[in-house]
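The structure file query-v4.pdb is reproduced below (PDB, C-alpha atoms and all ligand atoms).
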ATOM      1  CA  GLN A   1      93.148  93.747 118.264  1.00  0.00           C
ATOM      2  CA  ALA A   2      96.114  92.419 116.260  1.00  0.00           C
ATOM      3  CA  SER A   3      98.622  90.129 117.892  1.00  0.00           C
ATOM      4  CA  GLY A   4     102.149  89.221 116.839  1.00  0.00           C
ATOM      5  CA  PRO A   5     105.589  90.778 117.175  1.00  0.00           C
ATOM      6  CA  LEU A   6     104.545  93.930 115.314  1.00  0.00           C
ATOM      7  CA  ALA A   7     101.263  94.544 117.141  1.00  0.00           C
ATOM      8  CA  GLY A   8     100.861  98.262 117.740  1.00  0.00           C
ATOM      9  CA  VAL A   9     103.293  99.180 114.949  1.00  0.00           C
ATOM     10  CA  HIS A  10     102.121 101.254 111.977  1.00  0.00           C
ATOM     11  CA  ALA A  11     103.983 100.274 108.802  1.00  0.00           C
ATOM     12  CA  LEU A  12     103.831 102.360 105.632  1.00  0.00           C
ATOM     13  CA  ILE A  13     104.830 100.673 102.362  1.00  0.00           C
ATOM     14  CA  THR A  14     104.987 101.939  98.781  1.00  0.00           C
ATOM     15  CA  ALA A  15     104.793  99.477  95.900  1.00  0.00           C
ATOM     16  CA  GLY A  16     104.439  99.220  92.159  1.00  0.00           C
ATOM     17  CA  PRO A  17     105.280 101.724  89.444  1.00  0.00           C
ATOM     18  CA  THR A  18     104.038 105.266  89.146  1.00  0.00           C
ATOM     19  CA  ARG A  19     102.269 106.433  86.024  1.00  0.00           C
ATOM     20  CA  GLU A  20     102.981 109.932  84.785  1.00  0.00           C
ATOM     21  CA  PRO A  21     100.433 111.320  82.309  1.00  0.00           C
ATOM     22  CA  LEU A  22     101.370 113.034  79.081  1.00  0.00           C
ATOM     23  CA  ASP A  23      97.762 113.485  78.014  1.00  0.00           C
ATOM     24  CA  PRO A  24      94.502 111.641  78.817  1.00  0.00           C
ATOM     25  CA  VAL A  25      95.576 108.504  76.939  1.00  0.00           C
ATOM     26  CA  ARG A  26      99.391 108.383  77.259  1.00  0.00           C
ATOM     27  CA  TYR A  27     101.807 108.046  80.162  1.00  0.00           C
ATOM     28  CA  LEU A  28     105.394 107.309  81.205  1.00  0.00           C
ATOM     29  CA  SER A  29     105.861 104.321  83.502  1.00  0.00           C
ATOM     30  CA  ASN A  30     108.015 101.235  84.121  1.00  0.00           C
ATOM     31  CA  HIS A  31     107.720  97.463  84.441  1.00  0.00           C
ATOM     32  CA  SER A  32     107.494  97.180  88.237  1.00  0.00           C
ATOM     33  CA  SER A  33     105.021  94.390  89.072  1.00  0.00           C
ATOM     34  CA  GLY A  34     104.493  95.380  92.717  1.00  0.00           C
ATOM     35  CA  ARG A  35     105.097  91.811  93.873  1.00  0.00           C
ATOM     36  CA  GLN A  36     107.899  92.484  96.340  1.00  0.00           C
ATOM     37  CA  GLY A  37     106.111  95.444  97.930  1.00  0.00           C
ATOM     38  CA  TYR A  38     102.809  93.559  98.225  1.00  0.00           C
ATOM     39  CA  ALA A  39     104.640  90.593  99.780  1.00  0.00           C
ATOM     40  CA  ILE A  40     106.251  92.901 102.352  1.00  0.00           C
ATOM     41  CA  ALA A  41     102.910  94.509 103.185  1.00  0.00           C
ATOM     42  CA  SER A  42     101.392  91.030 103.687  1.00  0.00           C
ATOM     43  CA  ALA A  43     104.272  89.820 105.840  1.00  0.00           C
ATOM     44  CA  LEU A  44     104.129  92.888 108.077  1.00  0.00           C
ATOM     45  CA  ALA A  45     100.361  92.530 108.457  1.00  0.00           C
ATOM     46  CA  ALA A  46     100.770  88.831 109.268  1.00  0.00           C
ATOM     47  CA  ALA A  47     103.242  89.858 111.984  1.00  0.00           C
ATOM     48  CA  GLY A  48     100.560  92.053 113.535  1.00  0.00           C
ATOM     49  CA  ALA A  49     101.434  95.479 112.133  1.00  0.00           C
ATOM     50  CA  SER A  50      98.784  97.908 111.037  1.00  0.00           C
ATOM     51  CA  VAL A  51      99.765  98.394 107.386  1.00  0.00           C
ATOM     52  CA  THR A  52      99.144 101.221 104.945  1.00  0.00           C
ATOM     53  CA  LEU A  53     100.088 100.162 101.415  1.00  0.00           C
ATOM     54  CA  VAL A  54     100.361 103.032  98.941  1.00  0.00           C
ATOM     55  CA  SER A  55     100.345 101.432  95.524  1.00  0.00           C
ATOM     56  CA  GLY A  56     100.753 102.501  91.952  1.00  0.00           C
ATOM     57  CA  PRO A  57      98.759 100.657  89.255  1.00  0.00           C
ATOM     58  CA  VAL A  58      99.439  96.894  89.444  1.00  0.00           C
ATOM     59  CA  ALA A  59      97.605  93.702  88.504  1.00  0.00           C
ATOM     60  CA  LEU A  60      97.687  92.175  92.000  1.00  0.00           C
ATOM     61  CA  ALA A  61      94.884  91.403  94.434  1.00  0.00           C
ATOM     62  CA  PRO A  62      94.880  93.648  97.514  1.00  0.00           C
ATOM     63  CA  PRO A  63      96.652  91.865 100.403  1.00  0.00           C
ATOM     64  CA  ARG A  64      94.479  90.834 103.334  1.00  0.00           C
ATOM     65  CA  ASN A  65      94.326  93.053 106.410  1.00  0.00           C
ATOM     66  CA  VAL A  66      96.031  95.960 104.715  1.00  0.00           C
ATOM     67  CA  ASN A  67      94.792  99.495 104.170  1.00  0.00           C
ATOM     68  CA  LEU A  68      95.345  99.926 100.414  1.00  0.00           C
ATOM     69  CA  VAL A  69      95.650 103.448  98.999  1.00  0.00           C
ATOM     70  CA  GLN A  70      95.760 103.452  95.204  1.00  0.00           C
ATOM     71  CA  VAL A  71      97.567 106.258  93.399  1.00  0.00           C
ATOM     72  CA  GLU A  72      98.964 106.894  89.942  1.00  0.00           C
ATOM     73  CA  THR A  73     101.614 109.602  89.963  1.00  0.00           C
ATOM     74  CA  ALA A  74     104.706 110.154  92.119  1.00  0.00           C
ATOM     75  CA  ARG A  75     103.230 113.337  93.477  1.00  0.00           C
ATOM     76  CA  GLN A  76     100.035 111.535  94.497  1.00  0.00           C
ATOM     77  CA  MET A  77     102.184 108.812  96.075  1.00  0.00           C
ATOM     78  CA  LEU A  78     104.119 111.345  98.147  1.00  0.00           C
ATOM     79  CA  LYS A  79     100.902 113.038  99.269  1.00  0.00           C
ATOM     80  CA  ALA A  80      99.325 109.694 100.244  1.00  0.00           C
ATOM     81  CA  CYS A  81     102.456 108.791 102.244  1.00  0.00           C
ATOM     82  CA  GLU A  82     102.520 112.123 104.043  1.00  0.00           C
ATOM     83  CA  ASP A  83      98.825 111.779 104.818  1.00  0.00           C
ATOM     84  CA  ALA A  84      99.508 108.331 106.334  1.00  0.00           C
ATOM     85  CA  LEU A  85     102.119 109.624 108.810  1.00  0.00           C
ATOM     86  CA  PRO A  86     102.960 109.089 111.598  1.00  0.00           C
ATOM     87  CA  ALA A  87     104.344 105.622 110.924  1.00  0.00           C
ATOM     88  CA  ASP A  88     106.883 103.586 112.892  1.00  0.00           C
ATOM     89  CA  VAL A  89     108.489 102.085 109.806  1.00  0.00           C
ATOM     90  CA  PHE A  90     108.498 103.136 106.154  1.00  0.00           C
ATOM     91  CA  VAL A  91     109.478 100.627 103.468  1.00  0.00           C
ATOM     92  CA  SER A  92     109.923 102.301 100.093  1.00  0.00           C
ATOM     93  CA  VAL A  93     109.602  99.563  97.491  1.00  0.00           C
ATOM     94  CA  ALA A  94     107.853 101.481  94.696  1.00  0.00           C
ATOM     95  CA  ALA A  95     109.648 102.097  91.411  1.00  0.00           C
ATOM     96  CA  VAL A  96     108.881 105.793  91.359  1.00  0.00           C
ATOM     97  CA  ALA A  97     109.374 107.516  87.999  1.00  0.00           C
ATOM     98  CA  ASP A  98     112.168 110.028  88.436  1.00  0.00           C
ATOM     99  CA  TRP A  99     110.727 112.300  85.731  1.00  0.00           C
ATOM    100  CA  ARG A 100     107.277 113.207  84.506  1.00  0.00           C
ATOM    101  CA  PRO A 101     106.095 115.063  81.429  1.00  0.00           C
ATOM    102  CA  ALA A 102     106.319 118.727  82.438  1.00  0.00           C
ATOM    103  CA  ARG A 103     102.748 119.344  81.327  1.00  0.00           C
ATOM    104  CA  ALA A 104      99.899 116.870  81.149  1.00  0.00           C
ATOM    105  CA  ALA A 105      97.599 117.947  78.340  1.00  0.00           C
ATOM    106  CA  THR A 106      93.893 117.787  79.112  1.00  0.00           C
ATOM    107  CA  LYS A 107      93.103 116.845  75.493  1.00  0.00           C
ATOM    108  CA  LYS A 108      94.736 114.080  73.488  1.00  0.00           C
ATOM    109  CA  LEU A 109      97.849 115.490  71.832  1.00  0.00           C
ATOM    110  CA  LYS A 110      98.001 115.391  68.072  1.00  0.00           C
ATOM    111  CA  ILE A 111     101.625 114.341  67.736  1.00  0.00           C
ATOM    112  CA  LYS A 112     101.526 112.504  64.467  1.00  0.00           C
ATOM    113  CA  ALA A 113     101.215 115.442  62.133  1.00  0.00           C
ATOM    114  CA  VAL A 114     102.887 114.906  58.775  1.00  0.00           C
ATOM    115  CA  ASP A 115     105.934 116.942  57.758  1.00  0.00           C
ATOM    116  CA  THR A 116     106.816 118.193  61.238  1.00  0.00           C
ATOM    117  CA  GLU A 117     109.877 117.311  63.253  1.00  0.00           C
ATOM    118  CA  ALA A 118     109.734 114.634  65.939  1.00  0.00           C
ATOM    119  CA  PRO A 119     107.961 116.223  68.899  1.00  0.00           C
ATOM    120  CA  ALA A 120     110.048 117.039  71.948  1.00  0.00           C
ATOM    121  CA  MET A 121     108.834 116.106  75.413  1.00  0.00           C
ATOM    122  CA  GLU A 122     109.829 118.373  78.237  1.00  0.00           C
ATOM    123  CA  LEU A 123     110.324 116.620  81.568  1.00  0.00           C
ATOM    124  CA  ALA A 124     110.073 117.823  85.151  1.00  0.00           C
ATOM    125  CA  GLU A 125     111.713 116.142  88.121  1.00  0.00           C
ATOM    126  CA  ASN A 126     109.498 114.166  90.477  1.00  0.00           C
ATOM    127  CA  PRO A 127     109.831 114.364  94.252  1.00  0.00           C
ATOM    128  CA  ASP A 128     112.000 111.709  95.861  1.00  0.00           C
ATOM    129  CA  ILE A 129     109.606 110.084  98.316  1.00  0.00           C
ATOM    130  CA  LEU A 130     112.242 108.066 100.165  1.00  0.00           C
ATOM    131  CA  ARG A 131     114.493 111.079 100.645  1.00  0.00           C
ATOM    132  CA  THR A 132     111.579 113.276 101.688  1.00  0.00           C
ATOM    133  CA  LEU A 133     110.342 110.871 104.377  1.00  0.00           C
ATOM    134  CA  SER A 134     113.886 110.098 105.549  1.00  0.00           C
ATOM    135  CA  ASN A 135     114.458 113.788 106.179  1.00  0.00           C
ATOM    136  CA  LYS A 136     111.198 114.670 107.909  1.00  0.00           C
ATOM    137  CA  ARG A 137     111.840 116.626 111.051  1.00  0.00           C
ATOM    138  CA  LYS A 138     108.472 115.940 112.556  1.00  0.00           C
ATOM    139  CA  HIS A 139     107.109 112.410 112.112  1.00  0.00           C
ATOM    140  CA  ARG A 140     110.229 110.805 110.658  1.00  0.00           C
ATOM    141  CA  PRO A 141     109.523 107.056 110.902  1.00  0.00           C
ATOM    142  CA  ARG A 142     111.814 105.333 113.404  1.00  0.00           C
ATOM    143  CA  LEU A 143     113.039 102.984 110.691  1.00  0.00           C
ATOM    144  CA  VAL A 144     113.231 103.895 106.999  1.00  0.00           C
ATOM    145  CA  VAL A 145     114.061 101.173 104.489  1.00  0.00           C
ATOM    146  CA  GLY A 146     114.810 101.863 100.821  1.00  0.00           C
ATOM    147  CA  PHE A 147     115.334  99.580  97.869  1.00  0.00           C
ATOM    148  CA  ALA A 148     118.049  99.755  95.245  1.00  0.00           C
ATOM    149  CA  ALA A 149     118.114  97.821  92.006  1.00  0.00           C
ATOM    150  CA  GLU A 150     121.678  97.450  90.789  1.00  0.00           C
ATOM    151  CA  THR A 151     123.356  95.343  88.156  1.00  0.00           C
ATOM    152  CA  HIS A 152     126.961  95.663  89.343  1.00  0.00           C
ATOM    153  CA  ASP A 153     128.980  96.875  92.345  1.00  0.00           C
ATOM    154  CA  VAL A 154     125.742  96.284  94.221  1.00  0.00           C
ATOM    155  CA  GLU A 155     127.008  97.022  97.733  1.00  0.00           C
ATOM    156  CA  ALA A 156     129.009 100.131  96.908  1.00  0.00           C
ATOM    157  CA  TYR A 157     126.158 101.779  95.007  1.00  0.00           C
ATOM    158  CA  ALA A 158     123.619 100.766  97.619  1.00  0.00           C
ATOM    159  CA  ARG A 159     125.705 102.175 100.445  1.00  0.00           C
ATOM    160  CA  ALA A 160     126.093 105.455  98.567  1.00  0.00           C
ATOM    161  CA  LYS A 161     122.317 105.511  98.092  1.00  0.00           C
ATOM    162  CA  LEU A 162     121.743 104.964 101.814  1.00  0.00           C
ATOM    163  CA  GLU A 163     123.831 108.070 102.547  1.00  0.00           C
ATOM    164  CA  ARG A 164     122.254 110.165  99.808  1.00  0.00           C
ATOM    165  CA  LYS A 165     118.689 109.387 100.758  1.00  0.00           C
ATOM    166  CA  GLY A 166     119.219 109.482 104.508  1.00  0.00           C
ATOM    167  CA  CYS A 167     117.483 106.170 105.143  1.00  0.00           C
ATOM    168  CA  ASP A 168     118.517 103.536 107.702  1.00  0.00           C
ATOM    169  CA  TRP A 169     118.618 100.375 105.620  1.00  0.00           C
ATOM    170  CA  ILE A 170     118.802  99.575 101.943  1.00  0.00           C
ATOM    171  CA  ILE A 171     117.693  96.310 100.424  1.00  0.00           C
ATOM    172  CA  ALA A 172     119.854  96.017  97.330  1.00  0.00           C
ATOM    173  CA  ASN A 173     118.450  93.807  94.588  1.00  0.00           C
ATOM    174  CA  ASP A 174     120.888  92.263  92.222  1.00  0.00           C
ATOM    175  CA  VAL A 175     118.923  92.676  88.991  1.00  0.00           C
ATOM    176  CA  SER A 176     121.698  91.458  86.725  1.00  0.00           C
ATOM    177  CA  GLY A 177     119.839  88.124  86.461  1.00  0.00           C
ATOM    178  CA  ASP A 178     116.123  87.511  85.952  1.00  0.00           C
ATOM    179  CA  VAL A 179     114.536  88.769  89.176  1.00  0.00           C
ATOM    180  CA  MET A 180     112.621  91.684  87.574  1.00  0.00           C
ATOM    181  CA  GLY A 181     108.943  90.714  87.601  1.00  0.00           C
ATOM    182  CA  GLY A 182     109.784  87.145  88.646  1.00  0.00           C
ATOM    183  CA  ALA A 183     108.942  85.238  91.817  1.00  0.00           C
ATOM    184  CA  ASP A 184     112.484  85.168  93.241  1.00  0.00           C
ATOM    185  CA  ASN A 185     114.806  87.823  94.496  1.00  0.00           C
ATOM    186  CA  GLU A 186     118.455  88.046  95.408  1.00  0.00           C
ATOM    187  CA  VAL A 187     119.194  90.784  97.908  1.00  0.00           C
ATOM    188  CA  VAL A 188     121.813  92.302 100.179  1.00  0.00           C
ATOM    189  CA  LEU A 189     120.580  93.993 103.373  1.00  0.00           C
ATOM    190  CA  ILE A 190     122.726  97.025 104.069  1.00  0.00           C
ATOM    191  CA  THR A 191     122.587  98.967 107.310  1.00  0.00           C
ATOM    192  CA  ARG A 192     124.860 101.755 108.475  1.00  0.00           C
ATOM    193  CA  GLU A 193     127.189  99.220 110.112  1.00  0.00           C
ATOM    194  CA  THR A 194     126.596  95.909 108.385  1.00  0.00           C
ATOM    195  CA  SER A 195     125.842  94.200 105.151  1.00  0.00           C
ATOM    196  CA  GLU A 196     124.432  90.723 104.712  1.00  0.00           C
ATOM    197  CA  ARG A 197     123.877  88.850 101.480  1.00  0.00           C
ATOM    198  CA  TRP A 198     120.828  86.602 101.512  1.00  0.00           C
ATOM    199  CA  PRO A 199     120.660  83.539  99.289  1.00  0.00           C
ATOM    200  CA  ARG A 200     118.323  83.641  96.326  1.00  0.00           C
ATOM    201  CA  MET A 201     114.799  83.017  97.629  1.00  0.00           C
ATOM    202  CA  GLY A 202     111.164  83.732  96.844  1.00  0.00           C
ATOM    203  CA  LYS A 203     109.910  87.302  97.211  1.00  0.00           C
ATOM    204  CA  ASP A 204     107.539  86.034  99.939  1.00  0.00           C
ATOM    205  CA  GLU A 205     110.501  84.652 101.867  1.00  0.00           C
ATOM    206  CA  VAL A 206     112.442  87.916 101.446  1.00  0.00           C
ATOM    207  CA  ALA A 207     109.362  89.660 102.833  1.00  0.00           C
ATOM    208  CA  ARG A 208     109.090  87.327 105.856  1.00  0.00           C
ATOM    209  CA  ARG A 209     112.762  87.711 106.680  1.00  0.00           C
ATOM    210  CA  LEU A 210     112.570  91.459 106.371  1.00  0.00           C
ATOM    211  CA  ALA A 211     109.527  91.516 108.654  1.00  0.00           C
ATOM    212  CA  GLY A 212     111.578  89.551 111.196  1.00  0.00           C
ATOM    213  CA  LYS A 213     114.431  92.034 110.968  1.00  0.00           C
ATOM    214  CA  ILE A 214     112.044  94.939 111.357  1.00  0.00           C
ATOM    215  CA  ALA A 215     110.454  93.320 114.407  1.00  0.00           C
ATOM    216  CA  ALA A 216     113.877  92.798 115.965  1.00  0.00           C
ATOM    217  CA  GLU A 217     114.830  96.402 115.261  1.00  0.00           C
ATOM    218  CA  LEU A 218     111.649  97.873 116.637  1.00  0.00           C
ATOM    219  CA  GLY A 219     111.988  95.813 119.757  1.00  0.00           C
ATOM    220  CA  HIS A 220     109.226  93.245 119.463  1.00  0.00           C
ATOM    221  CA  ASP A 221     111.081  90.226 118.128  1.00  0.00           C
ATOM    222  CA  GLY A 222     109.151  87.405 119.834  1.00  0.00           C
ATOM    223  CA  GLY A 223     109.249  84.369 117.617  1.00  0.00           C
ATOM    224  CA  LEU A 224     109.670  85.927 114.199  1.00  0.00           C
ATOM    225  CA  LYS A 225     113.298  85.617 113.066  1.00  0.00           C
TER
HETATM  226  O1  LIG B 301     117.738 106.527  93.429  1.00  0.00           O
HETATM  227  P1  LIG B 301     116.871 105.350  93.138  1.00  0.00           P
HETATM  228  O2  LIG B 301     115.629 105.716  92.378  1.00  0.00           O
HETATM  229  O3  LIG B 301     117.561 104.165  92.540  1.00  0.00           O
HETATM  230  O4  LIG B 301     116.404 104.887  94.596  1.00  0.00           O
HETATM  231  C1  LIG B 301     115.564 103.816  94.789  1.00  0.00           C
HETATM  232  C2  LIG B 301     114.833 103.967  96.091  1.00  0.00           C
HETATM  233  O5  LIG B 301     114.292 105.273  96.207  1.00  0.00           O
HETATM  234  C3  LIG B 301     113.644 103.033  96.225  1.00  0.00           C
HETATM  235  O6  LIG B 301     113.468 102.738  97.604  1.00  0.00           O
HETATM  236  C4  LIG B 301     112.497 103.882  95.695  1.00  0.00           C
HETATM  237  O7  LIG B 301     111.261 103.457  96.236  1.00  0.00           O
HETATM  238  C5  LIG B 301     112.877 105.257  96.189  1.00  0.00           C
HETATM  239  N1  LIG B 301     112.459 106.381  95.335  1.00  0.00           N
HETATM  240  C6  LIG B 301     111.467 107.251  95.773  1.00  0.00           C
HETATM  241  N2  LIG B 301     111.105 108.335  95.025  1.00  0.00           N
HETATM  242  C7  LIG B 301     111.702 108.565  93.841  1.00  0.00           C
HETATM  243  C8  LIG B 301     112.725 107.700  93.374  1.00  0.00           C
HETATM  244  C9  LIG B 301     113.070 106.611  94.141  1.00  0.00           C
HETATM  245  O8  LIG B 301     110.908 107.028  96.857  1.00  0.00           O
HETATM  246  N3  LIG B 301     111.331 109.620  93.120  1.00  0.00           N
END
Take the structure in this file and express it as C-alpha cells.
Amino acid sequence: QASGPLAGVHALITAGPTREPLDPVRYLSNHSSGRQGYAIASALAAAGASVTLVSGPVALAPPRNVNLVQVETARQMLKACEDALPADVFVSVAAVADWRPARAATKKLKIKAVDTEAPAMELAENPDILRTLSNKRKHRPRLVVGFAAETHDVEAYARAKLERKGCDWIIANDVSGDVMGGADNEVVLITRETSERWPRMGKDEVARRLAGKIAAELGHDGGLK
C-alpha cells in the first residue's frame, strides 16, 4: 500500500506528442519530448498517488511505479484517458496534434509523381482531450490541470485558455526562450483566483512543486510543499 500525501489518489497524466498517420510510413507530429509530463508522473507517484500515464511516442524510460499506457494518435489518447477514469486529478501535459490527415491510407501513397501539382492534404480536427475531460458530467476529475505554451502575453492567453477549456489550473510555459526539449522550465501557475510566477528551475523541480500544490488542493498536504 502506497504512503505519502497522495496515497489513495488516482492521478491521470498525458505526455509526449501524438502521431497522426498519413499512410503506413508517414505521419504528422511535433517536437514534444515528454520530459515534463514524465517528471510530473514520477513526482505524483513518489508522493504516493496511483498514476496512469498515457503517453505518445517518446524516447524516455517508463517512470517507476507508474501504469504506462502507450498510444499514438489523439483519438487513441482520448480513449485511453476515458478508459482510465475515474481519476481524482488529471494533468494534461501532452502536445496533442490539433489536426490529423483526414484519411490515413492503408498503402503507401505515391505522392511524387512527375508532372502533377503538389498534392493537397485534407485535415480533420482532433478531439480536445483537456476540454473533453474538463466538461465530463460523470467522472469529471476533482482537479483538472492544463498546460499552455506561450511566447508572449503569457498570463492573458493562459487565463483565456483556462476559461475556454473549463479546467481549474493552467501551467503556462514561457517558451520564448530555450525551454522546449530542454531540462529547465519557466512557468506561471494560474488558477481561477491567483497567478504565481515560479523562477526558472528544472522540469523535475517544477514537477515536485506541482505535486505539492496538488496534494495541498486535494487535502493531503502533509510534508510535501
Ligand atoms: O489550446 P492548446 O492546444 O494550446 O492547449 C494546450 C492544452 O490543451 C494542453 O494542456 C494540452 O495537453 C491540451 N490539449 C488537449 N487536446 C488537444 C489540444 C490540446 O488535451 N487536442
Exercise. Check every protein, DNA and RNA residue against ligand LIG 301 (chain B), keep those with an atom at most 7 Å away (counting only C-alpha atoms and all ligand atoms), and present them as a PyMOL selection string.
Key: chain A and resi 14+74+92-98+126-131+146-149+161
Quiz item: Written as a PyMOL selection string, which residues does the PyMOL selection byres (((chain A and resi 185-191) around 8) and not hetatm) give for the file shown?
Solution: chain A and resi 155+158-159+168-175+179+182-184+192-203+206
How would you write, as a PDB file with C-alpha atoms, keeping the file's coordinate frame, the residues chosen by the PyMOL selection byres (((chain A and resi 12) around 9) and not hetatm) on this structure?
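And here's result_34.pdb as it stands now:
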ATOM      1  CA  HIS A  10     102.121 101.254 111.977  1.00  0.00           C
ATOM      2  CA  ALA A  11     103.983 100.274 108.802  1.00  0.00           C
ATOM      3  CA  ILE A  13     104.830 100.673 102.362  1.00  0.00           C
ATOM      4  CA  THR A  14     104.987 101.939  98.781  1.00  0.00           C
ATOM      5  CA  ALA A  41     102.910  94.509 103.185  1.00  0.00           C
ATOM      6  CA  SER A  50      98.784  97.908 111.037  1.00  0.00           C
ATOM      7  CA  VAL A  51      99.765  98.394 107.386  1.00  0.00           C
ATOM      8  CA  THR A  52      99.144 101.221 104.945  1.00  0.00           C
ATOM      9  CA  LEU A  53     100.088 100.162 101.415  1.00  0.00           C
ATOM     10  CA  VAL A  54     100.361 103.032  98.941  1.00  0.00           C
ATOM     11  CA  CYS A  81     102.456 108.791 102.244  1.00  0.00           C
ATOM     12  CA  ALA A  84      99.508 108.331 106.334  1.00  0.00           C
ATOM     13  CA  LEU A  85     102.119 109.624 108.810  1.00  0.00           C
ATOM     14  CA  ALA A  87     104.344 105.622 110.924  1.00  0.00           C
ATOM     15  CA  ASP A  88     106.883 103.586 112.892  1.00  0.00           C
ATOM     16  CA  VAL A  89     108.489 102.085 109.806  1.00  0.00           C
ATOM     17  CA  PHE A  90     108.498 103.136 106.154  1.00  0.00           C
ATOM     18  CA  VAL A  91     109.478 100.627 103.468  1.00  0.00           C
ATOM     19  CA  SER A  92     109.923 102.301 100.093  1.00  0.00           C
TER      20      SER A  92
END
Quiz prompt | Selected residue, from A:Leu22, A:Leu28, A:Pro17, A:Ala211, that lies nearest to A:Pro57 when counting all atoms listed in the file | solution =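 The shortest atom-to-atom distance to A:Pro57 comes from A:Pro17.
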Quiz item: If you measure from atom CA of A:Asn65 to atom CA of A:Cys167, what distance in Å do you get, rounded to one decimal?
Solution: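 Spanning atom CA of A:Asn65 to atom CA of A:Cys167 is a straight-line distance of 26.6 Å.
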Quiz prompt | Atomic separation - atom CA of A:Val69 relative to atom CA of A:Arg209, Å | solution = 24.5 Å
Practice problem: Identify which of the residues A:Ser3, A:Thr132, A:Gln36, A:Thr151 lies closest to A:Lys79, counting only C-alpha atoms when measuring atom-to-atom distances. | Solution: A:Thr132
Quiz item: In file coordinates, which residues lie within 6 Å of (100.8, 105.4, 93.9) using only C-alpha atoms, given as a VMD selection string?
Solution: chain A and resid 18 54 to 56 70 to 73 77
